[in-house]
Amino acid sequence: MYVKICGITNDEDALFSVSMGADAVGFIFAPSKRQIWPEDVLSIIRRLPPEIMTVGVFKDERRERVAKVVNKLGLKGAQLHGHESREDTAWIAERVSFVIKAFPAGQSEVRQFVDYGADVLLLDSPEPGSGNVFDWSLAEDVIDPSTLMLSGGLNPENVEAAVKRVQPWGVDVTSGVESAPGKKDPVKVRNFIKLARQAATPKYKSIVPREALFDWQEEGI
């Protein structure tokens with residue numbers, strides 16, 4: 001079970017999430033209560049182990065800026081959480097080694113995910129960023145569950161049930177492990193990761209490219 005802790009805004013939360021076993025941490029560049037500036041992200045990722053997937057989250061941003069920010073910072077992936085077209089997503093995927101494309105649950109484009117050229121399909125609430133849980137039966141629209149990352153209102157209380165019901169490749173959480181917007185709750189982070197892994201089936205397929213894990217980019221911002 002691949003676990004991503006998103007909405008990281010400080011060193012302490014990033015390091016603690018990693019120490020508890022998170023595979024990935026996400027930094028939100030789009031307007032949000034958890035928005036963070038590139039300069040601050042750079043200082044955080046320099047302290048993380050090289051095997052950790054670091055992801056920049058963008059929403060309806062120009063594709064050129066997405067690629068530039070990810071590559072200059074040395075991030076290992078981009079998450080597109082807006083209405084990015086198939087063409088723009090594919091363009092970014094050619095220049096960024098790992099791309100997560102988010103869709104609201106129930107959106108018809110979910111069935112055309114393969115045309116976007118992304119690595120992972122993130123299924124979120126129909127109101128992305130709301131922290132609301134959606135009807136997990138909508139995950140049946142995903143043609144290939146082995147590329148599915150489940151999000152949308154997950155927390156330590158429901159992640160076990162969600163994983164058992166949907167059987168996703170990974171899970172993504174932001175507000176569900178916070179004590180306040182932009183500040184993680186250590187107990188919630190620890191329990192979320194533990195329960196998600198406990199509920200997962202033994203079968204696991206890594207879809208994170210090896211170069212994304214180990215090719216640490218030294219170029220500064």
# chains A, B, ... in the order shown; residues from 1 in each chain; ligands from 1
$ closest_atom_pairs --of "stretch 131-195 of chain A" --to "stretch 13-26 of chain A" --cutoff "9 Å" --atoms "only C-alpha atoms" --output "Markdown table"
| residue | atom | partner | partner_atom | distance |
| --- | --- | --- | --- | --- |
| A:Thr174 | CA | A:Gly26 | CA | 8.9 |
| A:Lys183 | CA | A:Asp13 | CA | 7.3 |
| A:Lys184 | CA | A:Asp13 | CA | 6.0 |
| A:Asp185 | CA | A:Asp13 | CA | 8.4 |
| A:Pro186 | CA | A:Phe16 | CA | 7.4 |
| A:Val189 | CA | A:Ser17 | CA | 6.6 |
| A:Arg190 | CA | A:Met20 | CA | 5.8 |
| A:Ile193 | CA | A:Ala22 | CA | 6.9 |
| A:Lys194 | CA | A:Met20 | CA | 8.4 |
$ closest_atom_pairs --of "stretch 148-213 of chain A" --to "stretch 104-127 of chain A" --cutoff "6 Å" --atoms "only C-alpha atoms" --output "JSON lines"
{"residue": "A:Leu148", "atom": "CA", "partner": "A:Leu121", "partner_atom": "CA", "distance": 5.0}
{"residue": "A:Met149", "atom": "CA", "partner": "A:Leu122", "partner_atom": "CA", "distance": 4.6}
{"residue": "A:Leu150", "atom": "CA", "partner": "A:Leu123", "partner_atom": "CA", "distance": 5.3}
{"residue": "A:Ser151", "atom": "CA", "partner": "A:Asp124", "partner_atom": "CA", "distance": 4.9}
{"residue": "A:Gly152", "atom": "CA", "partner": "A:Asp124", "partner_atom": "CA", "distance": 4.6}
$ write_last_selection --atoms "C-alpha atoms" --output "JSON list (two decimals), in the first residue's frame"
[["chain", "number", "residue", "atom", "x", "y", "z"],
["A", 148, "LEU", "CA", -5.59, 4.00, -8.50],
["A", 149, "MET", "CA", -4.77, 6.28, -5.59],
["A", 150, "LEU", "CA", -7.78, 6.88, -3.37],
["A", 151, "SER", "CA", -8.34, 10.27, -1.73],
["A", 152, "GLY", "CA", -11.26, 12.38, -0.55]]
$ closest_atom_pairs --of "stretch 83-197 of chain A" --to "stretch 49-57 of chain A" --cutoff "10 Å" --atoms "only C-alpha atoms" --output "JSON lines"
{"residue": "A:Phe98", "atom": "CA", "partner": "A:Val55", "partner_atom": "CA", "distance": 8.7}
{"residue": "A:Val99", "atom": "CA", "partner": "A:Val55", "partner_atom": "CA", "distance": 8.7}
{"residue": "A:Ile100", "atom": "CA", "partner": "A:Val55", "partner_atom": "CA", "distance": 8.8}
{"residue": "A:Lys101", "atom": "CA", "partner": "A:Val57", "partner_atom": "CA", "distance": 9.9}
$ write_last_selection --atoms "C-alpha atoms" --output "compact mmCIF listing (two decimals), in the first residue's frame"
# COMPACT_ATOMS: atom_id res chain seq x y z
CA PHE A 98 6.05 10.68 -12.37
CA VAL A 99 2.61 12.25 -12.87
CA ILE A 100 -0.55 11.86 -10.81
CA LYS A 101 -3.76 13.05 -12.51
$ closest_residue --among "A:Val70, A:Ile45, A:Ala200, A:Ala102" --to "A:Asp172" --atoms "only C-alpha atoms"
A:Ala102
$ atom_distance --atom1 "atom CA of A:Arg63" --atom2 "atom CA of A:Trp91"
7.5 Å
$ select_by_dssp --residues "stretch 44-123 of chain A" --states "strand (DSSP E)" --output "number ranges by chain"
A: 53-58, 77-80, 99-104, 120-123
$ write_last_selection --atoms "C-alpha atoms" --output "compact mmCIF listing (two decimals), in the first residue's frame"
# COMPACT_ATOMS: atom_id res chain seq x y z
CA MET A 53 8.69 10.55 -3.57
CA THR A 54 8.26 14.33 -3.42
CA VAL A 55 5.26 15.67 -5.33
CA GLY A 56 4.27 19.18 -6.34
CA VAL A 57 0.51 19.72 -6.50
CA PHE A 58 -0.81 22.09 -9.17
CA GLY A 77 6.63 14.09 -9.41
CA ALA A 78 3.71 16.36 -10.24
CA GLN A 79 0.07 16.04 -9.24
CA LEU A 80 -2.42 17.77 -11.52
CA VAL A 99 2.61 12.25 -12.87
CA ILE A 100 -0.55 11.86 -10.81
CA LYS A 101 -3.76 13.05 -12.51
CA ALA A 102 -6.66 13.75 -10.17
CA PHE A 103 -10.31 13.36 -11.12
CA PRO A 104 -13.50 13.97 -9.12
CA VAL A 120 -1.45 7.31 -11.36
CA LEU A 121 -5.15 8.18 -11.28
CA LEU A 122 -6.12 9.94 -8.06
CA LEU A 123 -9.83 9.67 -7.33
$ select_by_dssp --residues "stretch 63-96 of chain A" --states "helix (DSSP H, G or I)" --output "list in words"
Arg63, Glu64, Arg65, Val66, Ala67, Lys68, Val69, Val70, Asn71, Lys72, Leu73, Arg86, Glu87, Asp88, Thr89, Ala90, Trp91, Ile92 and Ala93 of chain A
$ write_last_selection --atoms "N, CA and C atoms" --output "compact mmCIF listing (two decimals), in the first residue's frame"
# COMPACT_ATOMS: atom_id res chain seq x y z
N ARG A 63 1.31 24.46 -18.24
CA ARG A 63 2.12 23.24 -18.27
C ARG A 63 3.62 23.54 -18.21
N GLU A 64 4.02 24.65 -18.82
CA GLU A 64 5.44 25.01 -18.80
C GLU A 64 5.91 25.30 -17.38
N ARG A 65 5.06 25.96 -16.59
CA ARG A 65 5.45 26.26 -15.22
C ARG A 65 5.50 25.00 -14.37
N VAL A 66 4.58 24.08 -14.59
CA VAL A 66 4.60 22.83 -13.84
C VAL A 66 5.93 22.12 -14.03
N ALA A 67 6.32 21.94 -15.28
CA ALA A 67 7.58 21.24 -15.57
C ALA A 67 8.78 22.00 -15.01
N LYS A 68 8.75 23.33 -15.12
CA LYS A 68 9.87 24.14 -14.64
C LYS A 68 10.02 24.04 -13.13
N VAL A 69 8.93 24.18 -12.40
CA VAL A 69 8.99 24.14 -10.94
C VAL A 69 9.44 22.77 -10.45
N VAL A 70 8.85 21.72 -10.99
CA VAL A 70 9.20 20.36 -10.56
C VAL A 70 10.68 20.08 -10.80
N ASN A 71 11.15 20.40 -11.98
CA ASN A 71 12.53 20.07 -12.33
C ASN A 71 13.55 20.96 -11.64
N LYS A 72 13.25 22.23 -11.46
CA LYS A 72 14.19 23.12 -10.79
C LYS A 72 14.33 22.79 -9.31
N LEU A 73 13.22 22.42 -8.68
CA LEU A 73 13.27 22.09 -7.26
C LEU A 73 13.87 20.71 -7.00
N ARG A 86 -6.04 16.34 -21.72
CA ARG A 86 -5.22 15.16 -22.03
C ARG A 86 -3.90 15.59 -22.65
N GLU A 87 -3.99 16.59 -23.54
CA GLU A 87 -2.78 17.02 -24.23
C GLU A 87 -1.77 17.64 -23.26
N ASP A 88 -2.24 18.50 -22.36
CA ASP A 88 -1.33 19.15 -21.41
C ASP A 88 -0.77 18.14 -20.41
N THR A 89 -1.59 17.21 -19.97
CA THR A 89 -1.11 16.19 -19.04
C THR A 89 -0.03 15.33 -19.70
N ALA A 90 -0.27 14.93 -20.92
CA ALA A 90 0.71 14.12 -21.64
C ALA A 90 2.00 14.90 -21.88
N TRP A 91 1.87 16.19 -22.16
CA TRP A 91 3.06 17.03 -22.37
C TRP A 91 3.90 17.07 -21.10
N ILE A 92 3.24 17.24 -19.97
CA ILE A 92 3.96 17.27 -18.69
C ILE A 92 4.58 15.92 -18.39
N ALA A 93 3.86 14.84 -18.69
CA ALA A 93 4.37 13.50 -18.42
C ALA A 93 5.63 13.18 -19.21
$ atom_distance --atom1 "atom CA of A:Arg47" --atom2 "atom CA of A:Pro31"
25.0 Å
